[in-house]
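Report on one structure; see the data block that follows.
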Amino acid sequence: MSPPPRTARRRRLAAAIALVVIVAAGLLVHRAAPSSPATDVAGDALYSVAVYTGLVTLFASGRRSALGALAVVWCVAVELFQLTGVPVALAAAFPPIALVLGTGFDARDLVVYPLAVVVAAAVDAMVGRRGGMTSGDRGLEST
């Protein structure tokens, strides 16, 4: 059973607004913050949260667990793809692609991604409860 269309629309709108803020924060960390392990972790966390939030925007009636799992799979696949060297070559030809595919494998990212997605899903659930809706494991369902 999927949430009512009105509820899915609210979740989609909230996710879309959050996605804009998350991407802006990620670009700010990328451009303005000095390069350090902390900014690297922050960027990786923001990336995975953006993936989760993007999936919520696309599939507002989806289960948090499924969207979270898909976000983690995407992030891990992108990280492993970096081992091939293809993202580096693509970034040399079109530098903005590095923001999506990265350029260098870092095993630490494989830990950051799932942790950040869990936090994002928890925030998603809290937003649903604050809006006077139950969270369950599905999107936001009306009470």
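By convention in this document, the chains of the structure tokens carry letters A, B, ... by their order, each chain's residues are numbered from 1, and ligands are numbered from 1 in the order they are shown.
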
Spatial neighbours of stretch 116-123 of chain A, 8 Å, only C-alpha atoms, chain gap at least 5 places, as a PyMOL selection string: chain A and resi 45-46+48-49+52-53+64-65+68+71-72

If you keep N, CA and C atoms, can you produce a file of those selected residues as a compact mmCIF listing (two decimals), in the first residue's frame?
# COMPACT_ATOMS: atom_id res chain seq x y z
N ALA A 45 29.73 12.25 2.83
CA ALA A 45 28.44 12.13 3.53
C ALA A 45 27.37 12.92 2.77
N LEU A 46 27.69 14.14 2.37
CA LEU A 46 26.73 14.94 1.62
C LEU A 46 26.37 14.30 0.30
N SER A 48 26.30 11.03 -0.41
CA SER A 48 25.39 9.90 -0.20
C SER A 48 24.02 10.36 0.26
N VAL A 49 23.96 11.41 1.05
CA VAL A 49 22.68 11.97 1.47
C VAL A 49 21.95 12.56 0.25
N TYR A 52 20.42 9.65 -1.63
CA TYR A 52 19.20 9.19 -0.95
C TYR A 52 18.05 10.18 -1.18
N THR A 53 18.33 11.46 -0.99
CA THR A 53 17.30 12.48 -1.12
C THR A 53 16.81 12.58 -2.57
N ARG A 64 11.67 3.58 2.90
CA ARG A 64 12.96 4.13 3.30
C ARG A 64 14.06 3.07 3.19
N SER A 65 13.76 1.87 3.62
CA SER A 65 14.78 0.82 3.60
C SER A 65 15.23 0.52 2.17
N GLY A 68 17.14 3.60 0.84
CA GLY A 68 18.45 3.64 1.50
C GLY A 68 19.40 2.61 0.94
N ALA A 71 20.52 3.71 -2.46
CA ALA A 71 21.49 4.81 -2.37
C ALA A 71 22.88 4.27 -2.01
N VAL A 72 22.94 3.34 -1.06
CA VAL A 72 24.23 2.77 -0.67
C VAL A 72 24.83 1.98 -1.82

Fewer than 4 positions away in the same chain doesn't count, so skip those; otherwise give me all residues within 12 Å of stretch 73-78 of chain A, counting only C-alpha atoms, as a PyMOL selection string. chain A and resi 44-52+54-55+66-69+82-87+97-117

Report the residues of stretch 24-76 of chain A whose backbone DSSP state falls under alpha helix (DSSP H), written as a PyMOL selection string. chain A and resi 24-32+37-58+64-76

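We find atom CA of A:Leu19 and atom CA of A:Ala33 to be spaced 20.0 Å apart.
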
List as a ChimeraX atom specification the protein and nucleic acid residues near A:Val29, meaning an atom at most 12 Å away when only C-alpha atoms are counted, but skip any in the same chain fewer than 5 places from it. /A:22-24,34-47,99

Given the selection you just returned, output its residues as a file containing all heavy atoms, formatted as a short mmCIF file (atom, residue, chain, number, x, y, z; two decimals), in the first residue's frame.
data_model
loop_
_atom_site.label_atom_id
_atom_site.label_comp_id
_atom_site.auth_asym_id
_atom_site.auth_seq_id
_atom_site.Cartn_x
_atom_site.Cartn_y
_atom_site.Cartn_z
N ILE A 22 21.32 20.43 0.14
CA ILE A 22 22.43 19.46 0.27
C ILE A 22 23.45 19.66 -0.84
O ILE A 22 24.67 19.66 -0.59
CB ILE A 22 21.88 18.02 0.28
CG1 ILE A 22 21.07 17.77 1.54
CG2 ILE A 22 23.00 17.00 0.15
CD1 ILE A 22 20.13 16.59 1.45
N VAL A 23 22.99 19.82 -2.07
CA VAL A 23 23.91 20.04 -3.19
C VAL A 23 24.67 21.35 -2.99
O VAL A 23 25.89 21.42 -3.21
CB VAL A 23 23.16 20.01 -4.54
CG1 VAL A 23 24.04 20.49 -5.67
CG2 VAL A 23 22.66 18.58 -4.82
N ALA A 24 23.98 22.40 -2.54
CA ALA A 24 24.65 23.67 -2.28
C ALA A 24 25.71 23.50 -1.20
O ALA A 24 26.84 24.02 -1.33
CB ALA A 24 23.64 24.74 -1.88
N PRO A 34 38.94 24.18 3.14
CA PRO A 34 40.29 23.66 2.87
C PRO A 34 40.25 22.13 2.81
O PRO A 34 39.49 21.49 3.53
CB PRO A 34 41.13 24.15 4.04
CG PRO A 34 40.16 24.61 5.07
CD PRO A 34 38.85 24.85 4.42
N SER A 35 41.05 21.58 1.95
CA SER A 35 41.10 20.13 1.79
C SER A 35 41.69 19.49 3.04
O SER A 35 42.77 19.86 3.49
CB SER A 35 41.93 19.77 0.57
OG SER A 35 41.92 18.37 0.38
N SER A 36 40.94 18.55 3.60
CA SER A 36 41.38 17.83 4.80
C SER A 36 40.59 16.54 4.88
O SER A 36 39.59 16.36 4.17
CB SER A 36 41.14 18.68 6.05
OG SER A 36 39.76 18.75 6.34
N PRO A 37 40.99 15.63 5.75
CA PRO A 37 40.19 14.41 5.94
C PRO A 37 38.75 14.73 6.37
O PRO A 37 37.81 14.07 5.93
CB PRO A 37 40.94 13.64 7.03
CG PRO A 37 42.36 14.09 6.89
CD PRO A 37 42.27 15.54 6.50
N ALA A 38 38.57 15.77 7.18
CA ALA A 38 37.22 16.13 7.64
C ALA A 38 36.36 16.61 6.48
O ALA A 38 35.19 16.23 6.38
CB ALA A 38 37.30 17.20 8.73
N THR A 39 36.92 17.44 5.61
CA THR A 39 36.12 17.91 4.48
C THR A 39 35.87 16.79 3.48
O THR A 39 34.83 16.76 2.83
CB THR A 39 36.77 19.12 3.77
OG1 THR A 39 38.08 18.77 3.34
CG2 THR A 39 36.82 20.33 4.66
N ASP A 40 36.80 15.86 3.38
CA ASP A 40 36.59 14.69 2.51
C ASP A 40 35.41 13.86 3.02
O ASP A 40 34.53 13.48 2.25
CB ASP A 40 37.86 13.85 2.43
CG ASP A 40 37.72 12.70 1.45
OD1 ASP A 40 37.26 12.94 0.31
OD2 ASP A 40 38.05 11.56 1.83
N VAL A 41 35.39 13.60 4.32
CA VAL A 41 34.29 12.83 4.91
C VAL A 41 32.98 13.60 4.77
O VAL A 41 31.95 13.02 4.43
CB VAL A 41 34.60 12.48 6.39
CG1 VAL A 41 33.36 11.94 7.09
CG2 VAL A 41 35.73 11.47 6.47
N ALA A 42 33.02 14.91 5.02
CA ALA A 42 31.80 15.72 4.88
C ALA A 42 31.27 15.66 3.45
O ALA A 42 30.07 15.50 3.23
CB ALA A 42 32.08 17.16 5.29
N GLY A 43 32.16 15.78 2.49
CA GLY A 43 31.74 15.71 1.09
C GLY A 43 31.15 14.35 0.74
O GLY A 43 30.13 14.27 0.04
N ASP A 44 31.77 13.29 1.23
CA ASP A 44 31.24 11.94 0.97
C ASP A 44 29.88 11.74 1.61
O ASP A 44 28.98 11.15 1.02
CB ASP A 44 32.22 10.88 1.48
CG ASP A 44 33.54 10.90 0.74
OD1 ASP A 44 33.57 11.31 -0.43
OD2 ASP A 44 34.56 10.51 1.35
N ALA A 45 29.73 12.25 2.83
CA ALA A 45 28.44 12.13 3.53
C ALA A 45 27.37 12.92 2.77
O ALA A 45 26.26 12.42 2.55
CB ALA A 45 28.58 12.62 4.96
N LEU A 46 27.69 14.14 2.37
CA LEU A 46 26.73 14.94 1.62
C LEU A 46 26.37 14.30 0.30
O LEU A 46 25.21 14.33 -0.14
CB LEU A 46 27.28 16.36 1.41
CG LEU A 46 27.30 17.24 2.66
CD1 LEU A 46 28.16 18.47 2.44
CD2 LEU A 46 25.88 17.63 3.06
N TYR A 47 27.36 13.68 -0.36
CA TYR A 47 27.10 12.99 -1.62
C TYR A 47 26.07 11.87 -1.42
O TYR A 47 25.09 11.77 -2.15
CB TYR A 47 28.40 12.42 -2.19
CG TYR A 47 28.22 11.63 -3.47
CD1 TYR A 47 28.13 12.27 -4.69
CD2 TYR A 47 28.14 10.25 -3.45
CE1 TYR A 47 27.96 11.56 -5.87
CE2 TYR A 47 27.97 9.52 -4.62
CZ TYR A 47 27.87 10.18 -5.83
OH TYR A 47 27.70 9.47 -6.99
N LEU A 99 32.44 15.56 -9.86
CA LEU A 99 31.52 15.79 -8.74
C LEU A 99 30.53 14.64 -8.60
O LEU A 99 30.01 14.40 -7.51
CB LEU A 99 30.78 17.11 -8.91
CG LEU A 99 31.63 18.36 -8.88
CD1 LEU A 99 30.81 19.58 -9.26
CD2 LEU A 99 32.29 18.54 -7.52
#
